[in-house]
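Chemist: Before I ask anything, let me first share the structure, which is written out below as structure tokens.
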Amino acid sequence: MQPRFSAFFLAVACVAAVPVFAQWPKYQAPGLPTTADGKPDMNAPAPKLADGKPDLSGVWEIATARGRGRGVAPEIPSGQAGALPPVPAAPPSASNPPQGVRGGPPPAGSAAPGTGGAPPGGNVFGDIGAQTPGGAPYQPWAADLVKKRVGDNSKDNPDAHCLPMGIMQMTAHPYPRKFIHTPKELVAIYEGSGTTVREIFLDGRSLPPKDVEPWWNGYSVGRWDGDTLVVETVGLMEDGWLDVKGSPLTSQGKITERYRRPTYGALELEVTIDDPKAYTRPFSARLNYRLNVDMQLIEFVCIDKDAQHYVGADHPSNQK
């Protein structure tokens, strides 16, 4: 019997083979807060924008205990103030997604502040419901669809076909993302999705009407709730993928992100999925990031030329 491979692996095999010298040299911008021994002070206060709100700018990586990802950023400071409480882990399930991401094991979907990066919940990149007790609250048709997609090795994941992977897969991806923050706009550049650029408007505009033309990443506007940036996104394409296993997101869905930067080196995100067509109730996932002070994003180019060879459940190699 031939081994089974996920379409996800096939789509990224060439990326994992890129030599480490094919990227920007490390560069640390001047003006960073430092400790007494001259190292970047990740426990320093978060920087501020001209309007006095926290500045989310920087290159951010998912915080994990083992530093998985393209680079290893400084650890999350322990005991950081105002940290979100841990999310209960979902019980083990037979529907857990295939384990594996670019370049190694899957990263944790979030990390518990004050634990050195240890994950409290689960891998939301692989399974958006990993931190929700009982798993994501699928509608019956959505549960059946996820079961089929898992059985097909996630071969139809948009990412495996060089299509936009969607906000949640980009948000939880092990590759870094860069935020460029001004008082009127937050620009997010995601390396792990074909260098996708996403605009979040902070200039007071409203969300578009329900009949707006849908976009892959929808329309995003943000507002401040104290020092928390609340971002709402609507106008999404039908049949999006929230995770590698294929949890659906429909055009009726709304994604709400809440960003907090409690210290210079830490960024916290809580995401709420509200899609009554696909889920019986709203549910949330949490992720923590840590700042990488000397990394720059590299080009990520996806070429879809192997999709016809992806192996699904009906392939002879998967038949007993």
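Please note that chains go A, B, ... in the order of the structure tokens, that every chain numbers its residues from 1, and that ligands are numbered from 1 in the order shown.
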Considering only C-alpha atoms, return as a ChimeraX atom specification whatever protein or nucleic-acid residues lie within 9 Å of stretch 179-195 of chain A, sequence-local ones (same chain, fewer than 3 positions apart) excluded.
Modeler: /A:49-51,53,55-60,159,162-166,169-171,173-176,198-204,221-222,297-302
Chemist: Hey, can you spit out that residue selection with C-alpha atoms as an mmCIF file, in the first residue's frame?
Modeler:
```
data_model
loop_
_atom_site.group_PDB
_atom_site.id
_atom_site.type_symbol
_atom_site.label_atom_id
_atom_site.label_comp_id
_atom_site.auth_asym_id
_atom_site.auth_seq_id
_atom_site.Cartn_x
_atom_site.Cartn_y
_atom_site.Cartn_z
ATOM 1 C CA LEU A 49 0.451 55.594 17.839
ATOM 2 C CA ALA A 50 0.174 59.347 17.400
ATOM 3 C CA ASP A 51 -3.373 59.163 18.790
ATOM 4 C CA LYS A 53 -3.525 53.968 21.077
ATOM 5 C CA ASP A 55 0.772 50.452 17.964
ATOM 6 C CA LEU A 56 0.444 46.886 16.647
ATOM 7 C CA SER A 57 3.198 47.317 14.063
ATOM 8 C CA GLY A 58 5.844 44.632 13.758
ATOM 9 C CA VAL A 59 6.626 41.165 12.445
ATOM 10 C CA TRP A 60 4.692 38.665 14.546
ATOM 11 C CA ASP A 159 -4.268 26.830 -0.003
ATOM 12 C CA CYS A 162 -2.924 28.467 -4.704
ATOM 13 C CA LEU A 163 -6.163 30.220 -3.801
ATOM 14 C CA PRO A 164 -6.549 32.576 -0.807
ATOM 15 C CA MET A 165 -6.640 30.414 2.308
ATOM 16 C CA GLY A 166 -8.899 32.754 4.306
ATOM 17 C CA GLN A 169 -5.802 30.033 8.218
ATOM 18 C CA MET A 170 -3.636 33.112 7.607
ATOM 19 C CA THR A 171 -4.072 34.270 11.198
ATOM 20 C CA HIS A 173 -0.375 30.049 10.090
ATOM 21 C CA PRO A 174 3.091 29.208 11.461
ATOM 22 C CA TYR A 175 4.728 31.594 8.993
ATOM 23 C CA PRO A 176 5.019 35.229 10.141
ATOM 24 C CA ARG A 198 -5.272 42.702 3.966
ATOM 25 C CA GLU A 199 -6.551 46.199 4.814
ATOM 26 C CA ILE A 200 -8.395 46.936 8.056
ATOM 27 C CA PHE A 201 -9.892 50.432 8.010
ATOM 28 C CA LEU A 202 -9.900 52.476 11.214
ATOM 29 C CA ASP A 203 -11.193 55.712 9.712
ATOM 30 C CA GLY A 204 -14.765 55.461 10.972
ATOM 31 C CA VAL A 221 -13.273 47.732 9.761
ATOM 32 C CA GLY A 222 -11.919 48.326 13.241
ATOM 33 C CA LEU A 297 9.046 38.726 5.346
ATOM 34 C CA ILE A 298 10.172 36.854 2.245
ATOM 35 C CA GLU A 299 8.354 36.341 -1.036
ATOM 36 C CA PHE A 300 5.963 33.428 -1.102
ATOM 37 C CA VAL A 301 4.931 32.359 -4.612
ATOM 38 C CA CYS A 302 2.485 29.489 -5.086
#
```
Chemist: For A:Gln252, list every protein, DNA or RNA residue within 12 Å, evaluated using only C-alpha atoms, and leave out those in the same chain fewer than 3 positions away; present the list as a ChimeraX atom specification.
Modeler: /A:210-212,214,218,233-240,248-249,255,273-279
Chemist: Write out as a PyMOL selection string all residues of stretch 133-201 of chain A that backbone DSSP assigns to alpha helix (DSSP H).
Modeler: chain A and resi 140-151+167-172
